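These notes are about the structure you will find just below.
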Amino acid sequence: MAESSTFAGVLEFFGKVGLYDVVLPFILVFTIVFAILEKTKVLGTEEVSGSKYTRKNLNAMVAFVISFLVVASSQLVEIITTVSSQIVVLLMLSVLFLLLIGSFFKDGEDVFLHGGWRTFFMLIMFIGIVLIFLGAIKNDDGDSWLDIFWNYVSLNGQGGDAIGSIVLLVLLVLLMVYVMQPKAGEKKEKKEEH
């Protein structure tokens with residue numbers, strides 16, 4: 001047997017202690033919930049010396065309780081772990097893609113995508129995140145929602161109808177967006193009125 005390194009032993013120890021199953025998901029959920037509560041000011045603000053401040057103590061307590069409730073559910077922790085690890089892969093793919101695109105630009109040129117291309121890649125990322133979530137959520141049999149959807153679409157006799165319905169809905173939405181979009185001359189007129 002090959003000897004494992006000291007760092008591998010440390011990582012295994014962290015796994016045994018529960019760092020990955022308890023501590024890190026707790027910190028992640030706490031941070032996200034606290035940030036959302038601070039940004040939205042759902043629990044209100046208080047005025048101190050004429051300045052308004054968020055109720056950090058209430059926001060922190062709510063985020064703390066929600067984080068504990070999430071960590072108490074092993075199923076939610078498994079979903080968070082799966083989703084976050086796969087989203088990092090999706091993020092790495094997008095960074096590598098931008099590196100490849102950047103190789104075709106000169107120094108000083110803007111590498112980031114503009115206009116329709118940016119929207120297109122944002123849509124691809126959104127679809128990727130939805131697929132990751134559907135793949136992470138499992139039913140009692142151990143099948144993910146993505147597996148159930150794929151089996152319904154591909155194996156069931158309704159598969160062709162389901163795909164056709166989805167394509168038709170997407171085309172209708174795109175058509176409505178195109179029709180409702182103001183023309184180039186209308187955009188300039190509206191800007192001049194303001």
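Every chain in the structure tokens takes a letter, A first, then B, and so on in the order presented; its residues are numbered from 1, and the ligands are numbered from 1 following the presented order.
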Shell around Leu58 (chain A) at 10 Å using only C-alpha atoms, local window under 5 positions removed, as a PyMOL selection string: chain A and resi 34+37-38+43-44+63-64
Long-range neighbours of Ile148 (chain A) as a PyMOL selection string, 12 Å cut-off, only C-alpha atoms, 6 positions minimum in chain: chain A and resi 134-135+137-139+141-142+154-156
Interatomic distance, CA of Glu12 (chain A) to CA of Thr82 (chain A) (Å, one decimal):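 So the answer is 18.4 Å.
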Members of region 9-173 of chain A assigned strand (DSSP E or B) by DSSP, as a VMD selection string: chain A and resid 45 to 48 51 to 54 138 144
Between CA of Ala60 (chain A) and CA of Phe30 (chain A), distance in Å (one decimal):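 Going from CA of Ala60 (chain A) over to CA of Phe30 (chain A), I get 8.1 Å.
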Neighbour list for region 73-76 of chain A as a ChimeraX atom specification, cut-off 10 Å, only C-alpha atoms, skip fewer than 2 positions in-chain: /A:21-22,25,68-71,78-82,136-138
Backbone DSSP call of alpha helix (DSSP H) for chain A, listed as a ChimeraX atom specification: /A:6-17,24-40,56-72,74-102,116-136,145-154,159-180,184-193
Mind checking which residues fall within 12 Å of region 114-118 of chain A, counting only C-alpha atoms, ignoring those fewer than 6 positions away in the same chain, and posting them as a compact mmCIF listing (two decimals) with all heavy atoms, in the first residue's frame?
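Contents of out.txt, freshly written:
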# COMPACT_ATOMS: atom_id res chain seq x y z
N SER A 94 -16.54 27.90 -17.14
CA SER A 94 -16.74 29.23 -17.72
C SER A 94 -15.44 30.03 -17.72
O SER A 94 -15.14 30.74 -18.68
CB SER A 94 -17.85 29.98 -16.99
OG SER A 94 -17.48 30.26 -15.67
N LEU A 98 -13.51 31.43 -21.01
CA LEU A 98 -13.09 32.81 -21.21
C LEU A 98 -11.58 32.91 -21.49
O LEU A 98 -11.14 33.76 -22.25
CB LEU A 98 -13.46 33.66 -20.00
CG LEU A 98 -14.95 33.97 -19.85
CD1 LEU A 98 -15.22 34.67 -18.53
CD2 LEU A 98 -15.45 34.80 -21.00
N ILE A 124 -27.24 29.69 -20.59
CA ILE A 124 -26.60 28.37 -20.49
C ILE A 124 -26.22 28.08 -19.04
O ILE A 124 -26.44 26.97 -18.53
CB ILE A 124 -25.38 28.27 -21.42
CG1 ILE A 124 -25.84 28.17 -22.87
CG2 ILE A 124 -24.52 27.06 -21.07
CD1 ILE A 124 -24.73 28.16 -23.87
N MET A 125 -25.66 29.07 -18.34
CA MET A 125 -25.29 28.89 -16.93
C MET A 125 -26.52 28.63 -16.07
O MET A 125 -26.51 27.79 -15.18
CB MET A 125 -24.54 30.11 -16.39
CG MET A 125 -23.17 30.27 -16.95
SD MET A 125 -22.14 28.90 -16.41
CE MET A 125 -20.72 29.15 -17.43
Option closest in space to Ile129 (chain A), from A:Ser84, A:Gly108, A:Phe149, A:Leu99 [counting only C-alpha atoms]: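 With only C-alpha atoms as the atom set, the closest residue is A:Ser84.
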Point-to-point distance in Å for CA of Leu123 (chain A) and CA of Met180 (chain A):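 Atom-to-atom, CA of Met180 (chain A) to CA of Leu123 (chain A), that is 19.5 Å.
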Counting only C-alpha atoms, the option among A:Tyr152, A:Phe14, A:Phe26, A:Tyr178 closest to Ser67 (chain A):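 Nearest to Ser67 (chain A): A:Phe26.
The shortest atom-to-atom distance to Val130 (chain A), with only C-alpha atoms taken into account, belongs to A:Gln86 out of A:Gln181, A:Gln86, A:Asn151, A:Ser49.
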Selected residue of minimal separation from Leu93 (chain A) among A:Phe121, A:Tyr20, A:Phe105, A:Trp145, counting only C-alpha atoms: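 Looking at the shortest contact to Leu93 (chain A), the residue is A:Phe121.
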